[in-house]
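> The structure file data-v4.cif (mmCIF, C-alpha atoms) is provided below.
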data_protein
loop_
_atom_site.group_PDB
_atom_site.id
_atom_site.type_symbol
_atom_site.label_atom_id
_atom_site.label_comp_id
_atom_site.auth_asym_id
_atom_site.auth_seq_id
_atom_site.Cartn_x
_atom_site.Cartn_y
_atom_site.Cartn_z
ATOM 1 C CA MET A 19 0.000 0.000 0.000
ATOM 2 C CA LYS A 20 1.372 3.409 -1.007
ATOM 3 C CA HIS A 21 2.043 5.848 1.838
ATOM 4 C CA VAL A 22 1.026 9.451 1.123
ATOM 5 C CA LEU A 23 1.674 12.511 3.299
ATOM 6 C CA SER A 24 -0.824 15.374 2.989
ATOM 7 C CA VAL A 25 0.541 18.755 4.109
ATOM 8 C CA GLN A 26 -2.064 21.512 4.432
ATOM 9 C CA ASP A 27 -4.474 23.191 6.827
ATOM 10 C CA LEU A 28 -7.175 21.453 8.837
ATOM 11 C CA SER A 29 -10.598 23.074 8.825
ATOM 12 C CA CYS A 30 -12.592 21.528 11.658
ATOM 13 C CA MET A 31 -15.875 22.163 9.826
ATOM 14 C CA GLY A 32 -16.483 22.369 6.088
ATOM 15 C CA ARG A 33 -15.264 20.125 3.288
ATOM 16 C CA CYS A 34 -11.798 21.266 2.241
ATOM 17 C CA SER A 35 -8.079 20.653 2.764
ATOM 18 C CA LEU A 36 -7.326 17.693 5.059
ATOM 19 C CA THR A 37 -10.955 16.699 5.651
ATOM 20 C CA VAL A 38 -11.202 16.184 1.880
ATOM 21 C CA ALA A 39 -7.748 14.719 1.224
ATOM 22 C CA LEU A 40 -7.744 12.046 3.931
ATOM 23 C CA PRO A 41 -10.929 10.187 2.880
ATOM 24 C CA ILE A 42 -10.081 10.471 -0.814
ATOM 25 C CA PHE A 43 -6.608 8.987 -0.373
ATOM 26 C CA SER A 44 -8.040 6.225 1.810
ATOM 27 C CA ALA A 45 -10.730 5.397 -0.741
ATOM 28 C CA MET A 46 -8.074 5.259 -3.473
ATOM 29 C CA GLY A 47 -6.117 2.630 -1.574
ATOM 30 C CA CYS A 48 -3.411 4.804 -0.034
ATOM 31 C CA ARG A 49 -2.291 4.968 3.580
ATOM 32 C CA CYS A 50 -2.474 8.662 4.409
ATOM 33 C CA SER A 51 -0.497 10.522 7.073
ATOM 34 C CA VAL A 52 -1.147 14.207 7.693
ATOM 35 C CA LEU A 53 0.852 17.287 8.614
ATOM 36 C CA PRO A 54 -1.574 20.072 9.622
ATOM 37 C CA THR A 55 -0.058 23.515 9.105
ATOM 38 C CA THR A 56 -2.947 25.528 10.559
ATOM 39 C CA VAL A 57 -6.135 24.603 12.424
ATOM 40 C CA LEU A 58 -9.275 26.600 11.632
ATOM 41 C CA SER A 59 -12.653 26.294 13.331
ATOM 42 C CA THR A 60 -14.267 26.360 9.853
ATOM 43 C CA HIS A 61 -13.039 26.927 6.340
ATOM 44 C CA THR A 62 -12.853 30.548 5.213
ATOM 45 C CA GLY A 63 -16.254 30.426 3.535
ATOM 46 C CA PHE A 64 -17.680 30.983 7.014
ATOM 47 C CA PRO A 65 -17.228 34.436 8.604
ATOM 48 C CA GLN A 66 -14.279 35.029 10.930
ATOM 49 C CA PRO A 67 -13.054 31.498 11.656
ATOM 50 C CA HIS A 68 -10.811 30.945 14.652
ATOM 51 C CA ARG A 69 -7.241 30.138 13.526
ATOM 52 C CA ARG A 70 -4.237 28.584 15.185
ATOM 53 C CA GLY A 71 -1.008 28.335 13.229
ATOM 54 C CA LEU A 72 1.171 25.280 13.820
ATOM 55 C CA THR A 73 4.356 26.537 12.180
ATOM 56 C CA GLU A 74 6.581 25.874 15.202
ATOM 57 C CA HIS A 75 5.355 22.272 15.360
ATOM 58 C CA ILE A 76 6.249 21.301 11.780
ATOM 59 C CA ALA A 77 9.975 20.690 12.388
ATOM 60 C CA PRO A 78 9.534 18.673 15.631
ATOM 61 C CA ILE A 79 6.941 16.450 13.937
ATOM 62 C CA ALA A 80 9.290 15.818 11.015
ATOM 63 C CA GLN A 81 12.178 15.111 13.375
ATOM 64 C CA HIS A 82 10.121 12.543 15.267
ATOM 65 C CA TRP A 83 9.136 10.886 12.011
ATOM 66 C CA GLN A 84 12.810 10.544 11.157
ATOM 67 C CA GLN A 85 13.482 8.996 14.560
ATOM 68 C CA VAL A 86 10.866 6.302 13.982
ATOM 69 C CA GLY A 87 12.076 5.619 10.435
ATOM 70 C CA ALA A 88 9.100 7.032 8.523
ATOM 71 C CA SER A 89 9.142 7.269 4.740
ATOM 72 C CA PHE A 90 6.621 8.297 2.096
ATOM 73 C CA ASP A 91 5.909 7.324 -1.486
ATOM 74 C CA ALA A 92 4.415 10.740 -2.224
ATOM 75 C CA ILE A 93 3.802 14.084 -0.553
ATOM 76 C CA GLY A 94 0.993 16.481 -1.429
ATOM 77 C CA VAL A 95 1.335 20.113 -0.344
ATOM 78 C CA GLY A 96 -1.663 22.463 -0.275
ATOM 79 C CA TYR A 97 -2.542 25.781 1.359
ATOM 80 C CA LEU A 98 0.115 27.350 3.587
ATOM 81 C CA ALA A 99 -0.630 30.351 5.766
ATOM 82 C CA ASP A 100 2.617 32.343 5.646
ATOM 83 C CA PRO A 101 6.214 32.370 4.327
ATOM 84 C CA ARG A 102 7.565 30.681 7.463
ATOM 85 C CA GLN A 103 5.315 27.698 6.835
ATOM 86 C CA ALA A 104 6.557 27.413 3.257
ATOM 87 C CA GLU A 105 10.132 27.404 4.532
ATOM 88 C CA ALA A 106 9.313 24.776 7.168
ATOM 89 C CA VAL A 107 7.623 22.546 4.594
ATOM 90 C CA GLU A 108 10.596 22.957 2.269
ATOM 91 C CA ASP A 109 12.699 21.456 5.055
ATOM 92 C CA VAL A 110 10.231 18.556 5.419
ATOM 93 C CA LEU A 111 10.573 17.805 1.706
ATOM 94 C CA SER A 112 14.358 17.762 2.071
ATOM 95 C CA ARG A 113 14.105 15.267 4.951
ATOM 96 C CA PHE A 114 11.744 12.893 3.118
ATOM 97 C CA PRO A 115 12.553 12.456 -0.578
ATOM 98 C CA ALA A 116 9.351 11.411 -2.375
ATOM 99 C CA LEU A 117 7.246 12.242 -5.391
ATOM 100 C CA THR A 118 5.943 15.701 -4.503
ATOM 101 C CA VAL A 119 2.832 17.447 -5.778
ATOM 102 C CA VAL A 120 2.561 21.140 -4.897
ATOM 103 C CA ASP A 121 -0.770 22.959 -5.147
ATOM 104 C CA PRO A 122 0.300 26.597 -4.582
ATOM 105 C CA ALA A 123 -3.061 27.768 -3.241
ATOM 106 C CA MET A 124 -2.726 31.552 -3.139
ATOM 107 C CA GLY A 125 -5.476 33.176 -5.192
ATOM 108 C CA ASP A 126 -8.015 33.082 -7.998
ATOM 109 C CA HIS A 127 -9.763 35.293 -10.565
ATOM 110 C CA GLY A 128 -6.637 37.412 -11.060
ATOM 111 C CA LYS A 129 -6.157 38.295 -7.376
ATOM 112 C CA LEU A 130 -4.278 36.888 -4.408
ATOM 113 C CA TYR A 131 -6.246 35.885 -1.326
ATOM 114 C CA SER A 132 -6.382 38.704 1.223
ATOM 115 C CA SER A 133 -3.937 36.944 3.571
ATOM 116 C CA ILE A 134 -1.279 36.292 0.891
ATOM 117 C CA THR A 135 1.671 38.702 0.774
ATOM 118 C CA PRO A 136 4.420 39.166 -1.840
ATOM 119 C CA GLU A 137 6.758 37.404 0.602
ATOM 120 C CA GLN A 138 4.410 34.400 0.558
ATOM 121 C CA VAL A 139 4.491 34.311 -3.251
ATOM 122 C CA ALA A 140 8.295 34.327 -3.188
ATOM 123 C CA ALA A 141 8.373 31.567 -0.563
ATOM 124 C CA MET A 142 5.923 29.462 -2.566
ATOM 125 C CA ALA A 143 8.061 29.950 -5.677
ATOM 126 C CA ARG A 144 11.030 28.486 -3.796
ATOM 127 C CA LEU A 145 8.861 25.607 -2.600
ATOM 128 C CA CYS A 146 7.726 24.901 -6.166
ATOM 129 C CA LYS A 147 11.336 24.093 -7.023
ATOM 130 C CA LYS A 148 10.943 21.037 -4.764
ATOM 131 C CA GLY A 149 7.835 19.806 -6.598
ATOM 132 C CA ASN A 150 7.724 17.062 -9.205
ATOM 133 C CA ILE A 151 4.216 18.094 -10.269
ATOM 134 C CA LEU A 152 2.762 21.592 -9.854
ATOM 135 C CA LEU A 153 -0.983 22.352 -9.783
ATOM 136 C CA PRO A 154 -1.489 26.129 -9.986
ATOM 137 C CA ASN A 155 -4.643 27.720 -11.291
ATOM 138 C CA VAL A 156 -4.276 30.442 -13.937
ATOM 139 C CA THR A 157 -3.996 33.215 -11.343
ATOM 140 C CA GLU A 158 -1.341 31.419 -9.303
ATOM 141 C CA ALA A 159 0.660 30.517 -12.398
ATOM 142 C CA ALA A 160 0.663 34.173 -13.439
ATOM 143 C CA PHE A 161 1.915 35.381 -10.052
ATOM 144 C CA LEU A 162 4.546 32.644 -9.774
ATOM 145 C CA THR A 163 5.935 33.213 -13.271
ATOM 146 C CA GLY A 164 5.652 36.998 -13.242
ATOM 147 C CA LEU A 165 3.440 36.980 -16.337
ATOM 148 C CA PRO A 166 0.408 39.271 -16.513
ATOM 149 C CA TYR A 167 -2.935 37.699 -15.685
ATOM 150 C CA ARG A 168 -5.273 37.434 -18.653
ATOM 151 C CA GLN A 169 -8.928 36.594 -18.239
ATOM 152 C CA SER A 170 -8.954 35.250 -21.788
ATOM 153 C CA ASN A 171 -7.072 31.920 -21.648
ATOM 154 C CA ASP A 172 -6.024 31.479 -25.280
ATOM 155 C CA LEU A 173 -3.690 28.623 -26.179
ATOM 156 C CA ALA A 174 -0.625 30.807 -26.679
ATOM 157 C CA TYR A 175 -1.049 32.286 -23.184
ATOM 158 C CA LEU A 176 -1.513 28.873 -21.599
ATOM 159 C CA LYS A 177 1.614 27.576 -23.314
ATOM 160 C CA GLU A 178 3.500 30.593 -21.975
ATOM 161 C CA LEU A 179 2.260 29.997 -18.430
ATOM 162 C CA ASN A 180 3.083 26.305 -18.688
ATOM 163 C CA ALA A 181 6.611 27.011 -19.935
ATOM 164 C CA GLY A 182 7.147 29.444 -17.070
ATOM 165 C CA MET A 183 5.990 26.914 -14.503
ATOM 166 C CA ARG A 184 8.188 24.193 -16.014
ATOM 167 C CA GLU A 185 11.184 26.445 -15.363
ATOM 168 C CA PHE A 186 10.827 25.563 -11.677
ATOM 169 C CA GLY A 187 12.136 22.138 -12.675
ATOM 170 C CA ALA A 188 8.944 20.110 -12.320
ATOM 171 C CA ASP A 189 8.355 16.983 -14.382
ATOM 172 C CA GLY A 190 4.722 17.946 -14.899
ATOM 173 C CA VAL A 191 2.398 20.939 -14.620
ATOM 174 C CA VAL A 192 -1.407 21.063 -14.609
ATOM 175 C CA ILE A 193 -2.890 24.564 -14.796
ATOM 176 C CA THR A 194 -6.474 24.471 -13.539
ATOM 177 C CA GLY A 195 -9.379 26.887 -13.816
ATOM 178 C CA VAL A 196 -8.844 27.428 -17.545
ATOM 179 C CA SER A 197 -11.823 29.270 -19.055
ATOM 180 C CA GLY A 198 -12.735 28.231 -22.579
ATOM 181 C CA LYS A 199 -15.334 29.329 -25.100
ATOM 182 C CA ASP A 200 -19.088 28.848 -24.599
ATOM 183 C CA GLY A 201 -18.816 28.522 -20.828
ATOM 184 C CA LYS A 202 -16.298 25.690 -20.906
ATOM 185 C CA ILE A 203 -13.788 25.139 -18.092
ATOM 186 C CA GLY A 204 -10.876 22.767 -17.773
ATOM 187 C CA PHE A 205 -7.121 22.493 -17.481
ATOM 188 C CA PHE A 206 -3.967 22.721 -19.570
ATOM 189 C CA GLY A 207 -0.793 20.868 -18.703
ATOM 190 C CA SER A 208 2.304 19.021 -19.694
ATOM 191 C CA ALA A 209 4.338 16.050 -18.561
ATOM 192 C CA GLY A 210 7.707 15.310 -20.071
ATOM 193 C CA GLN A 211 7.599 16.641 -23.633
ATOM 194 C CA GLU A 212 3.851 16.135 -24.059
ATOM 195 C CA GLU A 213 1.182 18.821 -23.661
ATOM 196 C CA PHE A 214 -2.472 18.045 -22.970
ATOM 197 C CA SER A 215 -5.749 19.767 -22.175
ATOM 198 C CA TYR A 216 -9.267 18.993 -21.013
ATOM 199 C CA GLU A 217 -12.501 20.945 -20.929
ATOM 200 C CA THR A 218 -16.089 20.401 -19.944
ATOM 201 C CA ASP A 219 -19.225 22.459 -19.405
ATOM 202 C CA SER A 220 -18.882 24.787 -16.444
ATOM 203 C CA VAL A 221 -21.061 23.838 -13.475
ATOM 204 C CA GLU A 222 -22.814 26.780 -11.818
ATOM 205 C CA ASN A 223 -22.535 25.155 -8.399
ATOM 206 C CA HIS A 224 -19.279 26.729 -7.185
ATOM 207 C CA SER A 225 -18.017 25.386 -3.863
ATOM 208 C CA HIS A 226 -15.114 25.502 -1.441
ATOM 209 C CA GLY A 227 -12.704 22.585 -1.516
ATOM 210 C CA THR A 228 -12.962 21.544 -5.155
ATOM 211 C CA GLY A 229 -9.294 22.349 -5.757
ATOM 212 C CA ASP A 230 -8.373 20.164 -2.788
ATOM 213 C CA MET A 231 -10.483 17.340 -4.243
ATOM 214 C CA PHE A 232 -8.780 17.699 -7.610
ATOM 215 C CA ALA A 233 -5.296 17.616 -6.080
ATOM 216 C CA ALA A 234 -6.035 14.573 -3.916
ATOM 217 C CA VAL A 235 -7.582 12.532 -6.725
ATOM 218 C CA LEU A 236 -4.754 13.435 -9.087
ATOM 219 C CA LEU A 237 -2.084 12.291 -6.635
ATOM 220 C CA GLY A 238 -4.099 9.195 -5.726
ATOM 221 C CA GLY A 239 -4.396 8.374 -9.417
ATOM 222 C CA ILE A 240 -0.655 8.653 -9.905
ATOM 223 C CA MET A 241 -0.128 6.343 -6.940
ATOM 224 C CA ALA A 242 -2.447 3.875 -8.701
ATOM 225 C CA GLY A 243 -0.190 3.932 -11.759
ATOM 226 C CA LYS A 244 -1.932 6.503 -13.941
ATOM 227 C CA THR A 245 -0.081 9.066 -16.031
ATOM 228 C CA VAL A 246 -0.292 12.715 -15.006
ATOM 229 C CA GLN A 247 -2.723 13.361 -17.863
ATOM 230 C CA ASP A 248 -5.017 10.440 -17.042
ATOM 231 C CA ALA A 249 -4.911 11.223 -13.319
ATOM 232 C CA ALA A 250 -5.848 14.850 -14.032
ATOM 233 C CA ILE A 251 -8.777 13.772 -16.219
ATOM 234 C CA LEU A 252 -9.988 11.433 -13.466
ATOM 235 C CA ALA A 253 -9.716 14.280 -10.948
ATOM 236 C CA ALA A 254 -11.668 16.641 -13.201
ATOM 237 C CA ARG A 255 -14.436 14.094 -13.752
ATOM 238 C CA PHE A 256 -14.665 13.446 -10.007
ATOM 239 C CA VAL A 257 -15.084 17.160 -9.294
ATOM 240 C CA GLU A 258 -17.672 17.477 -12.095
ATOM 241 C CA ARG A 259 -19.747 14.631 -10.688
ATOM 242 C CA THR A 260 -19.443 15.976 -7.148
ATOM 243 C CA LEU A 261 -20.659 19.459 -8.087
ATOM 244 C CA ALA A 262 -23.453 18.168 -10.323
ATOM 245 C CA ASN A 263 -24.833 16.035 -7.497
ATOM 246 C CA SER A 264 -24.495 18.455 -4.579
ATOM 247 C CA PRO A 265 -26.882 21.090 -3.197
ATOM 248 C CA LYS A 266 -26.081 24.516 -4.575
ATOM 249 C CA ALA A 267 -24.286 27.106 -2.467
ATOM 250 C CA SER A 268 -23.909 24.967 0.650
ATOM 251 C CA PRO A 269 -21.408 26.578 3.039
ATOM 252 C CA HIS A 270 -20.284 23.100 4.075
ATOM 253 C CA GLY A 271 -18.926 22.295 0.621
ATOM 254 C CA ALA A 272 -19.780 19.835 -2.115
ATOM 255 C CA GLU A 273 -20.847 16.299 -1.171
ATOM 256 C CA PHE A 274 -17.823 14.414 -2.512
ATOM 257 C CA GLU A 275 -18.475 11.452 -0.215
ATOM 258 C CA LYS A 276 -21.302 10.238 -2.478
ATOM 259 C CA GLN A 277 -18.855 9.939 -5.398
ATOM 260 C CA LEU A 278 -16.226 7.844 -3.616
ATOM 261 C CA PRO A 279 -17.787 4.525 -4.761
ATOM 262 C CA TRP A 280 -17.615 5.774 -8.372
ATOM 263 C CA LEU A 281 -13.981 6.771 -7.846
ATOM 264 C CA CYS A 282 -13.107 3.325 -6.508
ATOM 265 C CA GLN A 283 -14.889 1.745 -9.459
ATOM 266 C CA GLN A 284 -12.803 3.811 -11.908
ATOM 267 C CA LEU A 285 -9.602 2.619 -10.292
ATOM 268 C CA ASN A 286 -10.711 -1.005 -10.095
ATOM 269 C CA SER A 287 -11.626 -1.024 -13.786
ATOM 270 C CA VAL A 288 -8.006 -0.391 -14.800
ATOM 271 C CA MET A 289 -6.210 -2.439 -12.141
#
What is this structure when it is put down as structure tokens?

Amino acid sequence: MKHVLSVQDLSCMGRCSLTVALPIFSAMGCRCSVLPTTVLSTHTGFPQPHRRGLTEHIAPIAQHWQQVGASFDAIGVGYLADPRQAEAVEDVLSRFPALTVVDPAMGDHGKLYSSITPEQVAAMARLCKKGNILLPNVTEAAFLTGLPYRQSNDLAYLKELNAGMREFGADGVVITGVSGKDGKIGFFGSAGQEEFSYETDSVENHSHGTGDMFAAVLLGGIMAGKTVQDAAILAARFVERTLANSPKASPHGAEFEKQLPWLCQQLNSVM
């Protein structure tokens, strides 16, 4: 059984981050360990959640893992609260060599989240150099590469963003949140020398945590032997099904749990 480490925040209520990643990895046949970077009473879709950063605990946890001989087949990194956390996680990645997927969760729709500073962008850029696969959305790719954000995601622009992200040294890049014509949405990416893309009809039911679902399913798919492209397509289809079969505008997030049997079936059909 593959051993995956999920490094991101823990929202005590609301489907996102670790509360999404842990059940998805388990359903996909992976043993999942967690490294919470911040504890929140709820995800940020609720007003004024209580927060407690765990930055000073990251290094001692990693040191104890080394003492007990821990190792990982893959590490997934998600939202980090500040530059110090990015630096601490960079140290964790140095201690535990493994396939690393970095989802540089920092912003969307052309803007950084209100808590993200230029120092955080620089720290995340350094962390991306440790990643084998990078999963930015269009906004994050623009900030990390220094390219201007364009709301119109034409192919030439996506190729430019992809090339900029590949300069971090990653083996693969999947740029999510790509807006196409006629209300389409999808992703554009590359692995090795091959480029690929995917699009589907946009679902009106926007929800917190869908990026976390995508990242978890993609990494779980790779652990099951899928290529980056096939794992990304599986992740996109999982998110589509989850949104299409969830109540609209629920503050608790989309009901991904109902789609876990389908996800297991997709993996079993190719194993």
> So, with only C-alpha atoms as the atoms that count, which of A:Val235, A:Ala267, A:Ala188, A:Ala181 lies closest to Val221 of chain A?
A:Ala267
> Residues within 12 Å of Val191 of chain A, please, as a VMD selection string. Count all atoms listed in the file; anything in the same chain fewer than 6 positions from it doesn't count.
chain A and resid 118 to 122 146 149 to 156 159 176 to 177 179 to 185 205 to 215 233 236 246 to 247 250
> Within 9 Å of Glu158 of chain A, counting only C-alpha atoms, which residues qualify if same-chain residues fewer than 2 places away don't, as a ChimeraX atom specification?
/A:122-126,128-130,139,154-156,160-163,193
> For the structure shown, which residues end up in the PyMOL selection byres ((chain A and resi 217) around 8)? Put them as number ranges by chain, please?
A: 198, 202-205, 215-216, 218-219
> Find the residues near Ala272 of chain A: any atom within 12 Å, counting all atoms listed in the file, skip ones fewer than 2 places away on the same chain, and give them as a ChimeraX atom specification.
/A:32-34,38,223-231,256-270,274-277
> Provide the atom CA of Lys20 of chain A to atom CA of Gln103 of chain A distance in Å, to one decimal place.
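Distance between the two atoms: 25.8 Å.
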> If you count only C-alpha atoms, which residues fall within 9 Å of Pro41 of chain A, apart from same-chain ones fewer than 3 positions away, as a VMD selection string?
chain A and resid 36 to 38 44 to 46 50 275 278
> Calculate how many Å separate atom CA of Leu173 of chain A from atom CA of Val196 of chain A, rounding to one decimal.
10.1 Å
> Mind telling me what the PyMOL selection byres ((chain A and resi 89-101) around 7) catches here, as a PyMOL selection string?
chain A and resi 20-27+55+87-88+102-105+114+116-123+137-138+141
> Determine the residue membership of the PyMOL selection byres ((chain A and resi 58) around 10) for the file above and supply it as a list in words.
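Applied to this file, the PyMOL selection byres ((chain A and resi 58) around 10) returns Asp27, Leu28, Ser29, Cys30, Met31, Thr56, Val57, Ser59, Thr60, His61, Thr62, Gln66, Pro67, His68, Arg69, Arg70 and Gly71 of chain A.
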> What does the structure give for the distance between atom CA of Met241 of chain A and atom CA of Lys148 of chain A, in Å to one decimal?
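Calculated distance between atom CA of Met241 of chain A and atom CA of Lys148 of chain A is 18.5 Å.
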> Set the distance at 8 Å and use all atoms listed in the file: which residues neighbour Ala77 of chain A once local chain neighbours fewer than 5 positions away are removed? I'd like the list as number ranges by chain.
A: 106, 109-110
> So, with all atoms listed in the file as the atoms that count, which of A:Leu53, A:Thr73, A:Gln84, A:Ala249 lies closest to Pro115 of chain A?
A:Gln84
